[in-house]
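J.: What follows is input06.txt; its format and atoms are compact mmCIF, C-alpha atoms.
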```txt
# COMPACT_ATOMS: atom_id res chain seq x y z
CA MET A 30 95.84 50.09 189.20
CA ALA A 31 99.27 51.60 188.56
CA ARG A 32 99.69 55.24 189.42
CA LEU A 33 99.53 57.45 186.34
CA PRO A 34 102.24 59.99 185.56
CA VAL A 35 101.70 63.62 186.47
CA PRO A 36 100.95 65.40 183.16
CA GLY A 37 104.14 66.98 181.85
CA SER A 38 106.42 65.06 184.21
CA LEU A 39 107.97 62.88 181.47
CA LEU A 40 107.41 64.83 178.24
CA VAL A 41 107.61 68.57 177.68
CA PRO A 42 103.91 69.37 177.02
CA ASP A 43 104.34 72.50 174.88
CA TRP A 44 107.43 71.45 172.99
CA HIS A 45 105.51 71.56 169.69
CA LEU A 46 105.41 75.37 170.14
CA SER A 47 109.18 75.64 170.47
CA PRO A 48 111.29 76.79 167.49
CA ASP A 49 113.48 73.73 168.08
CA SER A 50 110.58 71.48 167.13
CA GLU A 51 109.69 73.12 163.81
CA GLU A 52 111.95 71.02 161.59
CA TYR A 53 110.86 67.76 163.24
CA PHE A 54 107.20 68.54 162.65
CA ARG A 55 107.80 69.82 159.15
CA ARG A 56 109.37 66.51 158.14
CA THR A 57 106.89 64.24 159.94
CA ARG A 58 103.57 66.04 159.53
CA HIS A 59 103.56 67.89 156.19
CA ARG A 60 103.81 65.23 153.51
CA LYS A 61 101.89 62.38 151.90
CA ARG A 62 100.37 59.70 154.06
CA PHE A 63 102.91 57.43 155.76
CA GLY A 64 102.50 53.73 155.09
CA LEU A 65 103.16 51.00 157.62
CA LEU A 66 106.74 50.58 156.39
CA ASP A 67 107.47 54.24 155.60
CA ALA A 68 109.69 56.46 157.73
CA PRO A 69 110.51 60.17 157.53
CA VAL A 70 113.90 61.17 156.17
CA LEU A 71 115.71 63.17 158.84
CA PRO A 72 119.13 64.80 158.50
CA PRO A 73 121.88 63.54 160.83
CA GLN A 74 121.50 66.48 163.22
CA LEU A 75 117.85 65.53 163.73
CA ALA A 76 118.38 61.80 164.14
CA VAL A 77 116.04 60.38 166.79
CA ASP A 78 115.07 57.04 168.27
CA THR A 79 111.66 55.77 167.18
CA VAL A 80 109.26 53.92 169.48
CA GLY A 81 106.27 52.16 167.95
CA TYR A 82 102.83 51.44 169.40
CA LYS A 83 99.52 49.97 168.26
CA VAL A 84 96.45 52.08 169.05
CA PHE A 85 92.89 50.78 168.64
CA LEU A 86 90.11 53.30 167.91
CA CYS A 87 86.87 52.06 169.48
CA GLY A 88 83.42 53.62 169.14
CA LYS A 89 79.99 53.45 167.57
CA SER A 90 79.47 53.97 163.87
CA GLY A 91 79.44 57.62 162.85
CA VAL A 92 81.26 59.06 165.87
CA GLY A 93 84.24 60.07 163.73
CA LYS A 94 86.93 57.40 164.11
CA THR A 95 88.16 57.78 160.53
CA ALA A 96 88.07 61.58 160.77
CA LEU A 97 90.05 61.48 164.03
CA ALA A 98 92.68 59.22 162.44
CA ALA A 99 93.04 61.70 159.56
CA HIS A 100 93.27 64.66 161.95
CA LEU A 101 95.96 62.98 164.05
CA ALA A 102 97.96 62.00 160.96
CA GLY A 103 97.80 65.51 159.52
CA GLN A 104 95.76 64.34 156.53
CA GLU A 105 92.61 65.68 154.89
CA VAL A 106 89.36 64.31 156.24
CA PRO A 107 87.14 62.61 153.63
CA SER A 108 84.28 64.90 152.63
CA LEU A 109 81.75 62.06 152.52
CA HIS A 110 81.15 59.71 155.43
CA HIS A 111 81.02 56.00 154.77
CA GLU A 112 81.22 53.06 157.11
CA THR A 113 84.68 51.50 157.32
CA THR A 114 84.16 48.07 155.79
CA GLY A 115 87.02 46.27 157.50
CA ILE A 116 90.18 47.14 159.39
CA GLN A 117 91.85 50.34 158.24
CA THR A 118 95.28 51.31 159.54
CA SER A 119 97.14 54.60 159.44
CA VAL A 120 100.37 55.89 160.93
CA VAL A 121 100.77 58.96 163.12
CA LEU A 122 104.26 60.31 163.77
CA TRP A 123 104.57 62.50 166.84
CA PRO A 124 107.96 63.87 167.97
CA ALA A 125 108.26 64.71 171.66
CA MET A 126 111.03 65.79 174.04
CA LEU A 127 111.86 63.94 177.24
CA ARG A 128 111.85 66.36 180.14
CA ALA A 129 114.66 64.71 182.11
CA SER A 130 117.26 64.39 179.33
CA GLY A 131 116.12 66.79 176.62
CA ARG A 132 116.28 63.90 174.14
CA VAL A 133 113.75 63.85 171.31
CA LEU A 134 111.79 60.65 170.62
CA LEU A 135 109.63 59.93 167.59
CA PHE A 136 106.43 58.16 168.63
CA ARG A 137 105.12 56.03 165.78
CA LEU A 138 101.45 55.33 166.47
CA GLN A 139 99.78 52.73 164.27
CA LEU A 140 96.04 53.45 164.43
CA TRP A 141 93.60 50.58 163.91
CA ASP A 142 90.07 51.61 162.88
CA CYS A 143 87.29 49.12 162.20
CA GLY A 144 83.66 49.76 161.29
CA GLU A 145 81.05 48.90 163.89
CA ASN A 146 78.99 46.80 161.48
CA ALA A 147 82.06 44.83 160.42
CA LEU A 148 82.90 44.11 164.07
CA ARG A 149 79.42 42.70 164.59
CA ARG A 150 79.46 40.60 161.44
CA PHE A 151 82.93 39.07 161.73
CA ASP A 152 83.96 37.70 165.12
CA HIS A 153 87.67 37.69 164.35
CA LEU A 154 88.01 41.46 163.77
CA LEU A 155 87.67 42.66 167.37
CA PRO A 156 90.29 40.20 168.71
CA ALA A 157 92.61 41.26 165.88
CA CYS A 158 92.22 44.94 166.79
CA LYS A 159 92.76 44.27 170.50
CA ASP A 160 95.65 41.84 170.04
CA GLN A 161 98.83 43.40 171.46
CA ALA A 162 97.24 46.85 171.43
CA ASP A 163 99.27 49.31 173.48
CA ALA A 164 96.43 51.82 173.81
CA VAL A 165 92.72 52.16 173.16
CA LEU A 166 90.98 55.43 172.31
CA PHE A 167 87.26 55.24 173.12
CA LEU A 168 85.25 57.70 171.04
CA PHE A 169 81.88 59.35 171.45
CA SER A 170 80.27 62.25 169.63
CA PHE A 171 79.00 65.32 171.47
CA THR A 172 76.11 65.36 168.96
CA ASP A 173 75.11 61.72 169.57
CA ARG A 174 73.81 61.09 173.08
CA THR A 175 73.64 57.34 172.57
CA SER A 176 77.37 57.16 171.83
CA PHE A 177 78.13 58.79 175.18
CA ASP A 178 75.71 56.53 177.06
CA ASP A 179 77.35 53.53 175.37
CA LEU A 180 80.88 54.41 176.57
CA SER A 181 80.79 51.96 179.48
CA ASN A 182 79.90 49.14 177.07
CA GLN A 183 82.63 50.23 174.66
CA ILE A 184 85.22 50.24 177.45
CA ALA A 185 84.13 46.80 178.65
CA ARG A 186 84.26 45.41 175.10
CA GLY A 187 87.43 47.15 173.95
CA SER A 188 89.65 46.35 176.93
CA ASP A 189 90.53 43.45 179.18
CA PRO A 190 91.09 43.73 182.95
CA SER A 191 94.40 41.89 182.66
CA ASP A 192 96.01 44.05 179.97
CA SER A 193 98.13 47.14 180.45
CA ALA A 194 96.83 49.14 177.51
CA VAL A 195 96.58 52.89 177.99
CA GLN A 196 92.98 54.11 177.89
CA LEU A 197 91.79 57.58 176.85
CA VAL A 198 88.38 58.91 175.80
CA VAL A 199 87.88 61.32 172.90
CA GLY A 200 84.75 63.40 172.39
CA THR A 201 84.36 64.34 168.73
CA LYS A 202 82.41 67.20 167.06
CA PHE A 203 83.01 69.40 170.09
CA ASP A 204 82.80 72.52 167.91
CA LEU A 205 79.15 71.78 167.07
CA PHE A 206 78.16 72.98 170.55
CA MET A 207 74.78 74.28 169.36
CA HIS A 208 73.83 70.66 168.63
CA SER A 209 75.50 69.08 171.65
CA ASP A 210 73.60 66.34 173.46
CA VAL A 211 76.23 65.94 176.19
CA THR A 212 76.89 68.51 178.94
CA GLU A 213 80.23 69.46 180.43
CA ARG A 214 79.01 68.35 183.84
CA GLU A 215 78.27 64.88 182.48
CA VAL A 216 81.78 64.71 181.01
CA ARG A 217 83.32 65.74 184.35
CA ASP A 218 81.22 63.16 186.20
CA PHE A 219 82.32 60.47 183.74
CA GLN A 220 85.99 61.35 184.24
CA GLN A 221 85.59 61.19 188.01
CA VAL A 222 83.79 57.84 188.01
CA TRP A 223 85.95 56.08 185.40
CA GLY A 224 89.27 57.80 186.05
CA VAL A 225 89.84 58.22 182.31
CA PRO A 226 90.56 61.66 180.83
CA VAL A 227 88.29 62.99 178.09
CA PHE A 228 89.79 64.95 175.20
CA ARG A 229 87.79 67.11 172.82
CA VAL A 230 88.30 67.36 169.07
CA GLN A 231 86.48 69.22 166.34
CA SER A 232 84.25 67.86 163.60
CA GLY A 233 85.58 66.29 160.44
CA GLY A 234 85.17 69.39 158.29
CA ALA A 235 86.98 71.71 160.71
CA THR A 236 90.53 72.94 160.20
CA VAL A 237 92.74 71.29 162.81
CA GLY A 238 96.24 72.44 163.73
CA LEU A 239 98.95 71.11 166.00
CA GLU A 240 97.54 73.04 168.95
CA ASP A 241 94.25 71.12 168.60
CA ILE A 242 95.72 67.61 168.66
CA ALA A 243 98.84 68.19 170.79
CA PRO A 244 97.14 67.64 174.19
CA LEU A 245 95.76 64.27 173.10
CA LEU A 246 98.90 63.00 171.34
CA THR A 247 101.32 64.23 173.99
CA THR A 248 99.25 62.66 176.79
CA LEU A 249 98.98 59.41 174.86
CA ALA A 250 102.74 59.37 174.19
CA GLU A 251 103.55 60.22 177.81
CA ARG A 252 101.37 57.45 179.23
CA LEU A 253 102.77 54.91 176.79
CA TRP A 254 106.33 55.91 177.68
CA HIS A 255 105.49 55.75 181.40
CA ARG A 256 104.05 52.26 180.97
CA ASP A 257 107.22 51.09 179.24
CA MET A 258 109.41 52.68 181.90
CA GLN A 259 107.43 50.89 184.59
CA ALA A 260 107.72 47.57 182.75
CA ALA A 261 111.48 48.07 182.58
CA GLY A 262 111.65 48.87 186.30
CA LEU A 263 112.83 52.42 185.65
CA CYS A 264 109.93 54.14 187.45
CA ALA A 265 109.42 54.07 191.17
CA PRO A 266 106.50 51.80 192.07
CA PRO A 267 103.37 53.49 193.41
CA GLN A 268 103.45 54.03 197.17
CA PRO A 269 100.49 52.87 199.25
CA GLU A 270 98.05 55.54 200.32
CA PRO A 271 98.52 56.66 203.94
CA THR A 272 96.03 55.24 206.42
CA HIS A 273 94.27 57.37 209.00
CA SER A 274 93.39 56.09 212.41
```
Would you put the structure from the file into structure tokens?
T.:
Amino acid sequence: MARLPVPGSLLVPDWHLSPDSEEYFRRTRHRKRFGLLDAPVLPPQLAVDTVGYKVFLCGKSGVGKTALAAHLAGQEVPSLHHETTGIQTSVVLWPAMLRASGRVLLFRLQLWDCGENALRRFDHLLPACKDQADAVLFLFSFTDRTSFDDLSNQIARGSDPSDSAVQLVVGTKFDLFMHSDVTEREVRDFQQVWGVPVFRVQSGGATVGLEDIAPLLTTLAERLWHRDMQAAGLCAPPQPEPTHS
């Protein structure tokens, strides 16, 4: 397994709090939903390079995949839950600053969400979601114990040993702690065993700001950028661990 980047080593983690970032976020986050072919209109002084990635959202029915996609895209979450009947795509635009050069990149994340029942009924949907996916977000709900217990199956089904897709886990409905069926110790144990970080997001009806989604999106962007740098031979290869006699 390739060595992962140290958090904050490639992208400035708190850049979204900087005054320099305000205009970028205003033009990419506060508007109507972006379509697959849409792009934000930026003035010349804010011109940036855009890098695009496909991200597959994987998880049991009802864990909040559609709500997470809306949160990440800066859109309103639907008030009524209904099973996604097929593949639903949405676009998340996330500007970030490279630590080494101070250059701003616009990460264009195309989220692929598919209902669990549809995946079971139609064999071609899961391969379509996984095909050329750059990252997979595995979801569970803190209020649904079975979704947490099923994470290992979701990871096995949603990823292939031979691919280089970035993998992260997202625990939804974290704010409903009075109804939580998953303990913090169990989450820590999972992270240690699987080596995959777990991010926490609030329920669909909660108000979500940049500070709530920035850790997840910045980490996702940083790992995707690190993967591309490695593929281009621009990152030093991992060194072998020292042996002790």
J.: Quick check, in Å to one decimal: how far apart do CA of Asp142 (chain A) and CA of Thr95 (chain A) lie?
T.: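 Computing it gives 6.9 Å between the two atoms.
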J.: Would you please work out which residue, of A:His153, A:Arg137, A:Arg186, A:Arg58, is nearest to Gly88 (chain A) when using all atoms listed in the file?
T.: A:Arg186
J.: Find, counting all atoms listed in the file, the residue in A:Arg214, A:Arg128, A:Lys94, A:Arg32 that gets nearest to Gln259 (chain A).
T.: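 Among A:Arg214, A:Arg128, A:Lys94, A:Arg32, it is A:Arg32 that comes nearest to Gln259 (chain A).
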J.: Find the residues near Ala129 (chain A): any atom within 9 Å, counting only C-alpha atoms, skip ones fewer than 6 places away on the same chain, and give them as a list in words.
T.: Ser38, Leu39 and Leu40 of chain A
J.: Between CA of Leu33 (chain A) and CA of Leu46 (chain A), what distance in Å does the model show, to one decimal?
T.: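 Result for CA of Leu33 (chain A) versus CA of Leu46 (chain A): 24.9 Å, one decimal.
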J.: Expressed in Å to a single decimal, how great is the separation between CA of Phe167 (chain A) and CA of Leu148 (chain A)?
T.: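 CA of Leu148 (chain A) lies at a distance of 15.0 Å from CA of Phe167 (chain A).
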J.: What are the closest atom pairs, with distances in Å to one decimal, for each residue of region 189-210 of chain A lying within 12 Å of region 155-162 of chain A, using only C-alpha atoms, rows by chain and rising residue number, as a Markdown table?
T.:
```
| residue | atom | partner | partner_atom | distance |
| --- | --- | --- | --- | --- |
| A:Asp189 | CA | A:Lys159 | CA | 9.0 |
| A:Asp192 | CA | A:Gln161 | CA | 9.0 |
| A:Ser193 | CA | A:Ala162 | CA | 9.1 |
| A:Ala194 | CA | A:Ala162 | CA | 6.5 |
| A:Val195 | CA | A:Ala162 | CA | 8.9 |
| A:Gln196 | CA | A:Ala162 | CA | 10.6 |
```
J.: Hey, what's within 9 Å of Pro244 (chain A) if we count only C-alpha atoms and toss same-chain stuff fewer than 6 positions away? As a VMD selection string, please?
T.: chain A and resid 42 to 43 228
J.: Go through A:Leu263, A:Leu71, A:Leu122, A:Leu86 one by one, measure the shortest atom-to-atom distance of each to Glu52 (chain A) using all atoms listed in the file, and give the residue with the smallest value.
T.: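 Ranking A:Leu263, A:Leu71, A:Leu122, A:Leu86 by distance to Glu52 (chain A), first place goes to A:Leu71.
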J.: Tell me which protein, DNA and RNA residues are within 8 Å of region 170-181 of chain A, counting all atoms listed in the file, leaving out same-chain ones fewer than 6 positions away, and put them as a PyMOL selection string.
T.: chain A and resi 88-89+92-93+200-203+205-206+208-211
J.: Mind writing the picked residues with C-alpha atoms as an mmCIF file, in the coordinates of the input?
T.:
```
data_model
loop_
_atom_site.group_PDB
_atom_site.id
_atom_site.type_symbol
_atom_site.label_atom_id
_atom_site.label_comp_id
_atom_site.auth_asym_id
_atom_site.auth_seq_id
_atom_site.Cartn_x
_atom_site.Cartn_y
_atom_site.Cartn_z
ATOM 1 C CA GLY A 88 83.420 53.620 169.140
ATOM 2 C CA LYS A 89 79.990 53.450 167.570
ATOM 3 C CA VAL A 92 81.260 59.060 165.870
ATOM 4 C CA GLY A 93 84.240 60.070 163.730
ATOM 5 C CA GLY A 200 84.750 63.400 172.390
ATOM 6 C CA THR A 201 84.360 64.340 168.730
ATOM 7 C CA LYS A 202 82.410 67.200 167.060
ATOM 8 C CA PHE A 203 83.010 69.400 170.090
ATOM 9 C CA LEU A 205 79.150 71.780 167.070
ATOM 10 C CA PHE A 206 78.160 72.980 170.550
ATOM 11 C CA HIS A 208 73.830 70.660 168.630
ATOM 12 C CA SER A 209 75.500 69.080 171.650
ATOM 13 C CA ASP A 210 73.600 66.340 173.460
ATOM 14 C CA VAL A 211 76.230 65.940 176.190
#
```
J.: May I have the protein, DNA and RNA residues with an atom at most 7 Å from (82.6, 51.2, 168.0), counting all atoms listed in the file in the file's coordinates, returned as a PyMOL selection string?
T.: chain A and resi 87-90+144-145+183
J.: Output C-alpha atoms of each residue in that selection to a file, as a compact mmCIF listing (two decimals), in the frame of the given file.
T.:
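Below you can see selection-v4.txt, which holds the result:
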```
# COMPACT_ATOMS: atom_id res chain seq x y z
CA CYS A 87 86.87 52.06 169.48
CA GLY A 88 83.42 53.62 169.14
CA LYS A 89 79.99 53.45 167.57
CA SER A 90 79.47 53.97 163.87
CA GLY A 144 83.66 49.76 161.29
CA GLU A 145 81.05 48.90 163.89
CA GLN A 183 82.63 50.23 174.66
```
J.: Listing only residues of region 94-209 of chain A within 10 Å of region 54-57 of chain A, what is the closest atom pair and its distance in Å (to one decimal) for each, using all atoms listed in the file, sorted by chain and residue number ascending, as a tab-separated table?
T.:
```
residue	atom	partner	partner_atom	distance
A:Ala102	CA	A:Thr57	CA	9.3
A:Gly103	CA	A:Thr57	CA	9.2
A:Val121	CA	A:Thr57	CA	8.7
A:Leu122	CA	A:Thr57	CA	6.1
A:Trp123	CA	A:Thr57	CA	7.5
A:Pro124	CA	A:Phe54	CA	7.1
A:Ala125	CA	A:Phe54	CA	9.8
A:Leu135	CA	A:Thr57	CA	9.2
```
J.: Using all atoms listed in the file, can you tell me which of A:Val41, A:Val35, A:Leu168, A:Leu97 comes closest to Gly187 (chain A)?
T.: A:Leu168
J.: Skipping near chain neighbours, those fewer than 3 positions away, what residues fall within 8 Å of Leu253 (chain A) using only C-alpha atoms, listed as a compact mmCIF listing (two decimals) with C-alpha atoms, in the coordinates of the input?
T.:
```
# COMPACT_ATOMS: atom_id res chain seq x y z
CA ASP A 163 99.27 49.31 173.48
CA ALA A 164 96.43 51.82 173.81
CA VAL A 195 96.58 52.89 177.99
CA LEU A 249 98.98 59.41 174.86
CA ALA A 250 102.74 59.37 174.19
CA ARG A 256 104.05 52.26 180.97
CA ASP A 257 107.22 51.09 179.24
```
J.: Counting only C-alpha atoms, figure out which residue out of A:Met207, A:Arg149, A:Val106, A:Thr113 gets nearest to Ser232 (chain A).
T.: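 Smallest separation from Ser232 (chain A) among the options: A:Val106.
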